[in-house]
$ cat my_file.txt   # compact mmCIF, C-alpha atoms
# COMPACT_ATOMS: atom_id res chain seq x y z
CA MET F 162 -20.20 -30.87 -8.86
CA ASN F 163 -16.52 -30.59 -8.01
CA LYS F 164 -13.65 -31.51 -10.32
CA ILE F 165 -12.66 -34.66 -8.42
CA ARG F 166 -16.21 -36.08 -8.49
CA SER F 167 -16.51 -35.26 -12.19
CA ALA F 168 -13.21 -37.06 -12.92
CA GLN F 169 -14.41 -40.11 -10.94
CA ILE F 170 -17.63 -40.29 -12.92
CA ARG F 171 -15.73 -39.88 -16.20
CA SER F 172 -13.39 -42.69 -15.13
CA HIS F 173 -16.27 -45.03 -14.23
CA VAL F 174 -18.03 -44.37 -17.52
CA ALA F 175 -14.78 -44.92 -19.47
CA GLY F 176 -14.23 -48.23 -17.65
CA ILE F 177 -17.73 -49.43 -18.52
CA LEU F 178 -17.32 -48.29 -22.14
CA ALA F 179 -13.91 -50.03 -22.34
CA VAL F 180 -15.46 -53.35 -21.28
CA MET F 181 -18.30 -52.84 -23.77
CA TRP F 182 -15.79 -52.00 -26.51
CA MET F 183 -13.84 -55.18 -25.71
CA ALA F 184 -17.08 -57.09 -26.24
CA VAL F 185 -17.50 -55.38 -29.63
CA ILE F 186 -13.94 -56.36 -30.61
CA PHE F 187 -14.58 -59.92 -29.41
CA THR F 188 -17.75 -60.06 -31.53
CA PHE F 189 -15.90 -58.92 -34.65
CA SER F 190 -13.19 -61.50 -33.97
CA ALA F 191 -15.78 -64.25 -33.58
CA GLN F 192 -16.87 -63.76 -37.19
CA THR F 193 -15.69 -66.38 -39.65
CA ARG F 194 -13.28 -65.28 -42.36
CA GLU F 195 -16.15 -65.11 -44.86
CA GLU F 196 -18.32 -62.96 -42.58
CA SER F 197 -15.44 -60.63 -41.80
CA SER F 198 -14.47 -60.33 -45.46
CA THR F 199 -18.05 -59.50 -46.43
CA VAL F 200 -18.08 -56.57 -43.99
CA SER F 201 -14.74 -55.14 -45.14
CA GLU F 202 -15.52 -55.73 -48.84
CA SER F 203 -18.83 -53.92 -48.45
CA PHE F 204 -17.14 -50.98 -46.74
CA SER F 205 -14.40 -50.87 -49.41
CA ASP F 206 -17.02 -50.91 -52.18
CA ARG F 207 -18.96 -48.05 -50.60
CA LEU F 208 -15.78 -46.05 -50.01
CA VAL F 209 -14.59 -46.42 -53.60
CA ASN F 210 -18.06 -45.63 -55.00
CA ALA F 211 -18.42 -42.56 -52.78
CA THR F 212 -14.96 -41.34 -53.78
CA GLY F 213 -15.80 -41.80 -57.45
CA LEU F 214 -19.02 -39.82 -57.04
CA LEU F 215 -17.43 -37.11 -54.91
CA PHE F 216 -14.61 -36.44 -57.36
CA HIS F 217 -16.71 -37.11 -60.47
CA LEU F 218 -14.45 -39.96 -61.55
CA HIS F 219 -15.72 -41.91 -64.51
CA ILE F 220 -14.52 -45.42 -63.72
CA ASP F 221 -16.27 -48.53 -64.97
CA GLU F 222 -17.66 -51.15 -62.57
CA GLU F 223 -14.86 -53.64 -63.21
CA ARG F 224 -12.15 -51.10 -62.36
CA LEU F 225 -14.08 -49.95 -59.26
CA ARG F 226 -14.20 -53.60 -58.11
CA GLU F 227 -10.43 -53.97 -58.62
CA ILE F 228 -9.74 -50.84 -56.59
CA ALA F 229 -12.10 -51.97 -53.82
CA ASN F 230 -10.42 -55.39 -53.68
CA ALA F 231 -7.00 -53.76 -53.48
CA MET F 232 -8.21 -51.50 -50.65
CA GLU F 233 -9.76 -54.28 -48.58
CA HIS F 234 -6.49 -55.17 -46.82
CA ILE F 235 -5.89 -51.52 -45.91
CA VAL F 236 -9.49 -51.20 -44.69
CA ARG F 237 -9.13 -54.32 -42.52
CA LYS F 238 -5.88 -53.17 -40.94
CA GLY F 239 -7.24 -49.64 -40.52
CA ALA F 240 -10.22 -51.13 -38.69
CA HIS F 241 -7.83 -53.00 -36.38
CA MET F 242 -5.95 -49.80 -35.61
CA THR F 243 -9.15 -47.84 -35.03
CA GLU F 244 -10.60 -50.49 -32.69
CA TYR F 245 -7.50 -50.40 -30.52
CA ALA F 246 -7.09 -46.61 -30.69
CA ILE F 247 -10.58 -46.34 -29.18
CA LEU F 248 -9.86 -49.05 -26.60
CA ALA F 249 -6.59 -47.42 -25.51
CA ALA F 250 -8.27 -44.01 -25.20
CA LEU F 251 -11.01 -45.47 -23.01
CA LEU F 252 -8.43 -47.30 -20.88
CA TYR F 253 -6.37 -44.11 -20.54
CA VAL F 254 -9.37 -42.18 -19.24
CA TRP F 255 -10.31 -45.08 -16.93
CA LEU F 256 -6.75 -45.23 -15.54
CA GLY F 257 -7.01 -41.53 -14.69
CA ARG F 258 -8.78 -42.49 -11.47
CA TRP F 259 -5.44 -43.53 -9.93
CA ARG F 260 -3.77 -40.16 -10.52
CA GLN F 261 -0.61 -41.30 -12.23
CA GLN F 262 1.85 -39.38 -14.29
CA ARG F 263 0.68 -39.00 -17.88
CA VAL F 264 3.56 -41.10 -19.26
CA ARG F 265 2.88 -43.99 -16.87
CA ARG F 266 -0.85 -43.88 -17.61
CA TYR F 267 -0.10 -43.80 -21.34
CA GLY F 268 2.19 -46.83 -21.02
CA LEU F 269 -0.32 -48.79 -18.96
CA ALA F 270 -3.15 -48.06 -21.40
CA VAL F 271 -1.02 -49.19 -24.36
CA MET F 272 0.12 -52.29 -22.45
CA LEU F 273 -3.45 -53.25 -21.51
CA ALA F 274 -4.61 -52.75 -25.09
CA ALA F 275 -1.69 -54.87 -26.35
CA VAL F 276 -2.50 -57.65 -23.87
CA TYR F 277 -6.10 -57.60 -25.05
CA ALA F 278 -4.86 -57.70 -28.66
CA CYS F 279 -2.85 -60.83 -27.80
CA SER F 280 -5.90 -62.47 -26.20
CA ASP F 281 -7.97 -61.48 -29.24
CA GLU F 282 -5.53 -63.17 -31.62
CA ILE F 283 -5.55 -66.30 -29.44
CA HIS F 284 -9.35 -66.22 -29.59
CA GLN F 285 -9.16 -66.11 -33.40
CA LEU F 286 -7.23 -69.40 -33.42
CA PHE F 287 -10.53 -71.06 -32.47
CA VAL F 288 -12.67 -69.30 -35.10
CA GLU F 289 -13.29 -71.01 -38.44
CA GLY F 290 -11.09 -69.59 -41.20
CA ARG F 291 -9.31 -67.14 -38.89
CA ALA F 292 -5.75 -67.18 -37.62
CA GLY F 293 -4.00 -65.50 -34.74
CA MET F 294 -1.25 -63.31 -36.14
CA VAL F 295 1.58 -61.52 -34.37
CA SER F 296 1.47 -58.88 -37.11
CA ASP F 297 -2.12 -58.05 -36.09
CA VAL F 298 -1.03 -57.62 -32.47
CA LEU F 299 1.62 -55.16 -33.69
CA ILE F 300 -0.93 -53.31 -35.83
CA ASP F 301 -3.40 -53.21 -32.92
CA SER F 302 -0.68 -51.92 -30.59
CA ALA F 303 0.34 -49.28 -33.12
CA GLY F 304 -3.31 -48.22 -33.24
CA ALA F 305 -3.32 -47.91 -29.45
CA VAL F 306 -0.17 -45.76 -29.50
CA LEU F 307 -1.50 -43.58 -32.32
CA GLY F 308 -4.95 -43.23 -30.75
CA LEU F 309 -3.49 -42.15 -27.42
CA GLY F 310 -1.14 -39.74 -29.17
CA ILE F 311 -4.13 -38.12 -30.86
CA LEU F 312 -6.10 -38.06 -27.59
CA ILE F 313 -3.25 -36.40 -25.70
CA LEU F 314 -2.73 -33.92 -28.52
CA ILE F 315 -6.44 -33.00 -28.41
CA GLN F 316 -6.35 -32.72 -24.61
CA SER F 317 -3.29 -30.48 -24.79
CA LEU F 318 -4.87 -28.30 -27.45
CA ILE F 319 -8.07 -27.93 -25.42
CA GLY F 320 -6.03 -27.10 -22.30
CA TRP F 321 -4.01 -24.52 -24.21
CA LEU F 322 -7.17 -22.93 -25.68
CA TRP F 323 -8.86 -22.91 -22.26
CA GLU F 324 -5.81 -21.29 -20.66
CA ARG F 325 -5.60 -18.75 -23.46
CA LYS F 326 -9.29 -17.91 -23.12
CA ASN F 327 -8.94 -17.43 -19.37
CA ARG F 328 -5.86 -15.21 -19.84
CA THR F 329 -7.68 -12.92 -22.29
CA HIS F 330 -10.66 -12.60 -19.91
CA VAL F 331 -8.38 -11.69 -17.01
CA HIS F 332 -6.63 -8.97 -19.06
CA SER F 333 -9.89 -7.55 -20.46
$ encode --input "my_file.txt" --output "structure tokens"
Amino acid sequence: MNKIRSAQIRSHVAGILAVMWMAVIFTFSAQTREESSTVSESFSDRLVNATGLLFHLHIDEERLREIANAMEHIVRKGAHMTEYAILAALLYVWLGRWRQQRVRRYGLAVMLAAVYACSDEIHQLFVEGRAGMVSDVLIDSAGAVLGLGILILIQSLIGWLWERKNRTHVHS
């Protein structure tokens, strides 16, 4: 299969995955405040317990609960950033089908992710116990920027390693 056909397939798959990922984000946003808190509290509890076990920390249950409660906000915002980092990466790959400069493609992917973040916060205005917050749009957008930065860094590293490998085979 040639490179162009492979890129087209990759783009189609990324587009389908981006739409599916938007549905996942929508589903999380449709949870009531209580449902959403239960998920993040559970994750925070498991994270704190695993850390305590991993580092052989001897912390009583009450203190572990306090730490988990304090971490919940960070976990929630980290989840926002991760959701939108993944979405932006999928959008970036999908946008590759139109052969744009990397900077333009990057900007479009971030913009599309930010627009979806805005629509997601509007959606939350209609969910019991939830609120649409501009700060969440900013956090989501920061996640998109960060996620794409990591993706481009990985792509560049792979390209550099591939080029280096090919150079050493040519000189051998």
$ closest_residue --input "my_file.txt" --among "F:Ile235, F:Ala278, F:Ile311, F:Val298" --to "Met183 of chain F" --atoms "only C-alpha atoms"
F:Ala278
$ closest_residue --input "my_file.txt" --among "F:Ile177, F:Leu286, F:Leu269, F:Cys279" --to "Ile300 of chain F" --atoms "all atoms listed in the file"
F:Cys279
$ closest_residue --input "my_file.txt" --among "F:Arg171, F:Arg224, F:Arg325, F:His234" --to "Phe204 of chain F" --atoms "only C-alpha atoms"
F:His234
$ closest_residue --input "my_file.txt" --among "F:Thr243, F:Gln262, F:Asn327, F:Ser280" --to "Ala303 of chain F" --atoms "all atoms listed in the file"
F:Thr243
$ residues_around --input "my_file.txt" --residues "Val288 of chain F" --least-positions-apart "3" --cutoff "9 Å" --atoms "only C-alpha atoms" --output "list in words"
Ser190, Ala191, Gln192, Thr193, Arg194, His284, Gln285, Arg291 and Ala292 of chain F
$ closest_residue --input "my_file.txt" --among "F:Leu309, F:Leu208, F:Met181, F:Leu252" --to "Ile228 of chain F" --atoms "only C-alpha atoms"
F:Leu208
$ closest_atom_pairs --input "my_file.txt" --of "segment 188-307 of chain F" --to "segment 312-322 of chain F" --cutoff "12 Å" --atoms "only C-alpha atoms" --output "JSON lines"
{"residue": "F:Ala246", "atom": "CA", "partner": "F:Leu312", "partner_atom": "CA", "distance": 9.1}
{"residue": "F:Ile247", "atom": "CA", "partner": "F:Leu312", "partner_atom": "CA", "distance": 9.5}
{"residue": "F:Leu248", "atom": "CA", "partner": "F:Leu312", "partner_atom": "CA", "distance": 11.7}
{"residue": "F:Ala249", "atom": "CA", "partner": "F:Leu312", "partner_atom": "CA", "distance": 9.6}
{"residue": "F:Ala250", "atom": "CA", "partner": "F:Leu312", "partner_atom": "CA", "distance": 6.8}
{"residue": "F:Leu251", "atom": "CA", "partner": "F:Leu312", "partner_atom": "CA", "distance": 10.0}
{"residue": "F:Leu252", "atom": "CA", "partner": "F:Leu312", "partner_atom": "CA", "distance": 11.7}
{"residue": "F:Tyr253", "atom": "CA", "partner": "F:Leu312", "partner_atom": "CA", "distance": 9.3}
{"residue": "F:Val254", "atom": "CA", "partner": "F:Leu312", "partner_atom": "CA", "distance": 9.9}
{"residue": "F:Arg263", "atom": "CA", "partner": "F:Ile313", "partner_atom": "CA", "distance": 9.1}
{"residue": "F:Val264", "atom": "CA", "partner": "F:Ile313", "partner_atom": "CA", "distance": 10.5}
{"residue": "F:Arg266", "atom": "CA", "partner": "F:Ile313", "partner_atom": "CA", "distance": 11.3}
{"residue": "F:Tyr267", "atom": "CA", "partner": "F:Ile313", "partner_atom": "CA", "distance": 9.1}
{"residue": "F:Gly304", "atom": "CA", "partner": "F:Leu312", "partner_atom": "CA", "distance": 12.0}
{"residue": "F:Ala305", "atom": "CA", "partner": "F:Leu312", "partner_atom": "CA", "distance": 10.4}
{"residue": "F:Val306", "atom": "CA", "partner": "F:Leu312", "partner_atom": "CA", "distance": 9.9}
{"residue": "F:Leu307", "atom": "CA", "partner": "F:Leu312", "partner_atom": "CA", "distance": 8.6}
$ closest_residue --input "my_file.txt" --among "F:Asp281, F:Arg166, F:Gly308, F:His219" --to "Val295 of chain F" --atoms "all atoms listed in the file"
F:Asp281
$ atom_distance --input "my_file.txt" --atom1 "atom CA of Gly293 of chain F" --atom2 "atom CA of Arg207 of chain F"
27.9 Å
$ residues_near_point --input "my_file.txt" --point "(-14.5, -48.9, -54.7)" --cutoff "10 Å" --atoms "all atoms listed in the file" --output "PyMOL selection string"
chain F and resi 202-213+220+222-233
$ decode --input "my_file.txt" --residues "segment 185-315 of chain F" --atoms "C-alpha atoms" --output "compact mmCIF listing (two decimals), in the first residue's frame"
# COMPACT_ATOMS: atom_id res chain seq x y z
CA VAL F 185 -17.47 9.65 25.32
CA ILE F 186 -16.89 13.23 26.49
CA PHE F 187 -20.60 14.00 26.03
CA THR F 188 -21.48 10.93 28.13
CA PHE F 189 -19.18 12.01 30.96
CA SER F 190 -20.67 15.51 30.82
CA ALA F 191 -24.20 14.10 30.99
CA GLN F 192 -23.46 12.63 34.43
CA THR F 193 -24.97 14.48 37.37
CA ARG F 194 -22.57 16.12 39.81
CA GLU F 195 -22.99 13.20 42.21
CA GLU F 196 -22.25 10.59 39.54
CA SER F 197 -19.22 12.50 38.31
CA SER F 198 -17.91 13.01 41.84
CA THR F 199 -18.27 9.31 42.61
CA VAL F 200 -16.07 8.43 39.62
CA SER F 201 -13.33 10.95 40.46
CA GLU F 202 -13.46 10.14 44.20
CA SER F 203 -13.08 6.44 43.45
CA PHE F 204 -10.11 7.10 41.18
CA SER F 205 -8.51 9.41 43.78
CA ASP F 206 -8.97 6.77 46.49
CA ARG F 207 -7.38 4.08 44.36
CA LEU F 208 -4.50 6.37 43.38
CA VAL F 209 -3.73 7.33 46.98
CA ASN F 210 -4.01 3.72 48.18
CA ALA F 211 -1.76 2.46 45.38
CA THR F 212 0.81 5.17 46.12
CA GLY F 213 0.76 4.27 49.81
CA LEU F 214 1.32 0.60 49.00
CA LEU F 215 3.97 1.28 46.36
CA PHE F 216 6.07 3.48 48.63
CA HIS F 217 5.28 1.52 51.81
CA LEU F 218 3.71 4.56 53.45
CA HIS F 219 2.02 3.84 56.74
CA ILE F 220 -0.89 6.27 56.68
CA ASP F 221 -4.13 5.66 58.54
CA GLU F 222 -7.47 5.47 56.71
CA GLU F 223 -8.61 8.92 57.86
CA ARG F 224 -5.46 10.60 56.52
CA LEU F 225 -5.70 8.63 53.24
CA ARG F 226 -9.29 9.91 52.86
CA GLU F 227 -8.16 13.51 53.45
CA ILE F 228 -5.43 13.19 50.82
CA ALA F 229 -7.84 11.61 48.32
CA ASN F 230 -10.38 14.41 48.89
CA ALA F 231 -7.69 17.03 48.37
CA MET F 232 -6.60 15.31 45.14
CA GLU F 233 -10.09 15.02 43.68
CA HIS F 234 -10.04 18.51 42.15
CA ILE F 235 -6.67 17.84 40.51
CA VAL F 236 -7.91 14.47 39.24
CA ARG F 237 -11.04 16.08 37.75
CA LYS F 238 -9.10 18.82 35.98
CA GLY F 239 -6.46 16.33 34.85
CA ALA F 240 -9.24 14.22 33.34
CA HIS F 241 -10.52 17.29 31.47
CA MET F 242 -7.05 17.96 30.08
CA THR F 243 -6.54 14.33 29.10
CA GLU F 244 -9.93 14.10 27.35
CA TYR F 245 -9.13 17.12 25.21
CA ALA F 246 -5.49 16.14 24.61
CA ILE F 247 -6.79 12.91 23.07
CA LEU F 248 -9.49 14.74 21.09
CA ALA F 249 -7.02 17.29 19.70
CA ALA F 250 -4.58 14.53 18.70
CA LEU F 251 -7.32 12.67 16.85
CA LEU F 252 -8.45 15.89 15.14
CA TYR F 253 -4.86 16.70 14.17
CA VAL F 254 -4.44 13.31 12.49
CA TRP F 255 -7.85 13.65 10.81
CA LEU F 256 -6.95 17.12 9.49
CA GLY F 257 -3.84 15.63 7.91
CA ARG F 258 -5.95 14.57 4.95
CA TRP F 259 -5.98 18.16 3.66
CA ARG F 260 -2.19 18.48 3.56
CA GLN F 261 -1.76 21.70 5.47
CA GLN F 262 1.28 23.14 7.11
CA ARG F 263 1.87 21.65 10.54
CA VAL F 264 1.27 24.98 12.32
CA ARG F 265 -2.07 25.54 10.57
CA ARG F 266 -3.19 21.97 11.26
CA TYR F 267 -2.14 22.37 14.90
CA GLY F 268 -4.13 25.60 15.21
CA LEU F 269 -7.22 24.11 13.58
CA ALA F 270 -7.13 21.03 15.82
CA VAL F 271 -6.83 23.20 18.95
CA MET F 272 -9.60 25.51 17.72
CA LEU F 273 -11.95 22.60 16.98
CA ALA F 274 -11.24 21.06 20.38
CA ALA F 275 -11.88 24.44 22.05
CA VAL F 276 -15.17 24.86 20.18
CA TYR F 277 -16.21 21.40 21.32
CA ALA F 278 -15.17 22.32 24.88
CA CYS F 279 -17.47 25.37 24.67
CA SER F 280 -20.37 23.23 23.44
CA ASP F 281 -19.65 20.72 26.21
CA GLU F 282 -19.85 23.41 28.88
CA ILE F 283 -23.13 24.67 27.38
CA HIS F 284 -24.41 21.09 27.51
CA GLN F 285 -23.52 20.94 31.22
CA LEU F 286 -25.82 23.91 31.90
CA PHE F 287 -28.71 21.50 31.31
CA VAL F 288 -27.38 18.67 33.51
CA GLU F 289 -28.54 18.45 37.13
CA GLY F 290 -25.93 19.78 39.55
CA ARG F 291 -23.48 20.75 36.80
CA ALA F 292 -22.46 24.17 35.57
CA GLY F 293 -20.83 25.43 32.41
CA MET F 294 -17.57 27.10 33.35
CA VAL F 295 -15.25 29.24 31.26
CA SER F 296 -12.36 27.99 33.41
CA ASP F 297 -13.10 24.43 32.24
CA VAL F 298 -12.99 25.56 28.60
CA LEU F 299 -9.56 27.07 29.30
CA ILE F 300 -8.39 23.86 31.02
CA ASP F 301 -9.74 21.76 28.14
CA SER F 302 -8.02 24.01 25.60
CA ALA F 303 -4.76 23.83 27.55
CA GLY F 304 -5.10 20.04 27.45
CA ALA F 305 -5.53 20.20 23.67
CA VAL F 306 -2.41 22.38 23.29
CA LEU F 307 -0.39 20.15 25.60
CA GLY F 308 -1.61 16.93 23.99
CA LEU F 309 -0.72 18.16 20.51
CA GLY F 310 2.66 19.35 21.74
CA ILE F 311 3.37 15.86 23.06
CA LEU F 312 2.09 14.26 19.83
CA ILE F 313 4.28 16.47 17.65
CA LEU F 314 7.27 15.85 19.92
CA ILE F 315 6.74 12.08 19.61
